[in-house]
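Undergrad: Mind looking over this structure? Questions follow.
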Amino acid sequence: MTMLASLLPVSSVLTTAASSSSTSQQPAPPQAVRLPAAKPLATTLTAVAAAGLLVLSPALAAPSSADPDFRVYYGTAASAANYGGYGGNASKKDAAEYVYEVPEGWKERLVSKVEKGTNGTDSEFFNPRKRSEREYLTFLAGFRALAPVSAVLDNLALSDVGLQDQIASADNVLSTERTEGSGQLYYDYEIAGAGAHSLISVTCARNKLYAHFVTAPNPEWGRDEAVLRRLHQSFKTVDLAGPPPVSAAS
């Protein structure tokens, strides 16, 4: 993956926020997404500066525990300059910016400072029986809100060759939008490619964009689908002392 700085193209920087009349809403039905042509990376900074972006709510508390077959990973999303490697999860709990579950027995791949600084990868776990069955998170600072649902996936693919290949081999890509009880917006994507299956969740919080990926080759997907969907659904951002949700009418 290359830099994720292309996530907000000029033509697509439109914000979405939760309704002020309700703190939650039912998920929209899945829809097929057809990706437009890749957009120039050089327009990103102009888009961020020019858009009047609305801050989305970042408040979701971390789960207190997982069942015995899973453990909770606490991610800090620290910058490369402050990156000190990965130790025990317990030491990160108070500083966590996001959480997700990991199956017991999966191994953590240590992310280097160089990789963290160049492509935004913050954490990654894999199944030792099949290393390509994995779960990982990337983040990028400086984003206050999400672009339209199709534009976000389009630009994630620009930064991930493997994701590009999956999308190219898929008949369609399903997407949904959901708003959590706090008012925070998430985009969920499901890509059934010729060789692999991916679930992706994207959101903005703390002035950062977070993208959580769960991916597996099709044989492993067929065997582990229930577990992989659980991992996808477990991803949440955390802001224990954050401000109240900001709505479109605020």
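The chains in the structure tokens are called A, B, ... from first to last as shown; in each chain the residues are counted from 1, and the ligands are counted from 1 in the order shown.
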Skipping near chain neighbours, those fewer than 6 positions away, what residues fall within 10 Å of Lys93 in chain A using only C-alpha atoms, listed as a VMD selection string?
TA: chain A and resid 62 72 to 76 99
Undergrad: Which residues are near Val173 in chain A? Cut-off 12 Å, only C-alpha atoms, ignore same chain within fewer than 2 positions. Put them as a PyMOL selection string.
TA: chain A and resi 30-35+149-150+153-154+163-164+166-171+175-176+188-193+197-200
Undergrad: With only C-alpha atoms as the atoms that count, which of A:Arg178, A:Arg109, A:Lys208, A:Lys130 lies nearest to Ser79 in chain A?
TA: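 Among A:Arg178, A:Arg109, A:Lys208, A:Lys130, it is A:Lys208 that comes nearest to Ser79 in chain A.
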Undergrad: Could you list, as an mmCIF file with C-alpha atoms, in the first residue's frame, every residue within 9 Å of Gln233 in chain A, counting only C-alpha atoms and ignoring same-chain residues fewer than 3 positions away?
TA:
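selection-v8.cif, written as the output of this step:
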data_model
loop_
_atom_site.group_PDB
_atom_site.id
_atom_site.type_symbol
_atom_site.label_atom_id
_atom_site.label_comp_id
_atom_site.auth_asym_id
_atom_site.auth_seq_id
_atom_site.Cartn_x
_atom_site.Cartn_y
_atom_site.Cartn_z
ATOM 1 C CA TYR A 100 -11.435 -4.764 17.597
ATOM 2 C CA GLU A 101 -11.552 -8.438 18.493
ATOM 3 C CA SER A 201 -15.346 -0.656 7.849
ATOM 4 C CA LEU A 228 -14.614 -13.133 10.132
ATOM 5 C CA ARG A 229 -17.945 -11.324 10.233
ATOM 6 C CA ARG A 230 -17.639 -11.074 14.000
ATOM 7 C CA LYS A 236 -15.232 0.586 17.062
#
Undergrad: Have a look at A:Pro148, A:Pro128, A:Gly142, A:Gly105 and name the one nearest to Tyr186 in chain A; count only C-alpha atoms.
TA: A:Pro148
Undergrad: Identify all residues of range 100-237 of chain A in strand (DSSP E or B) (DSSP on the backbone) and supply them as a ChimeraX atom specification.
TA: /A:100-103,107-108,121-127,130-141,173-179,185-192,196-205,208-217,236-237
Undergrad: Just to confirm, what's the straight-line distance from CA of Glu177 in chain A to CA of Trp106 in chain A in Å (one decimal)?
TA: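 So the answer is 29.1 Å.
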Undergrad: Just to confirm, what's the straight-line distance from CA of Tyr136 in chain A to CA of Ala211 in chain A in Å (one decimal)?
TA: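 So the answer is 8.5 Å.
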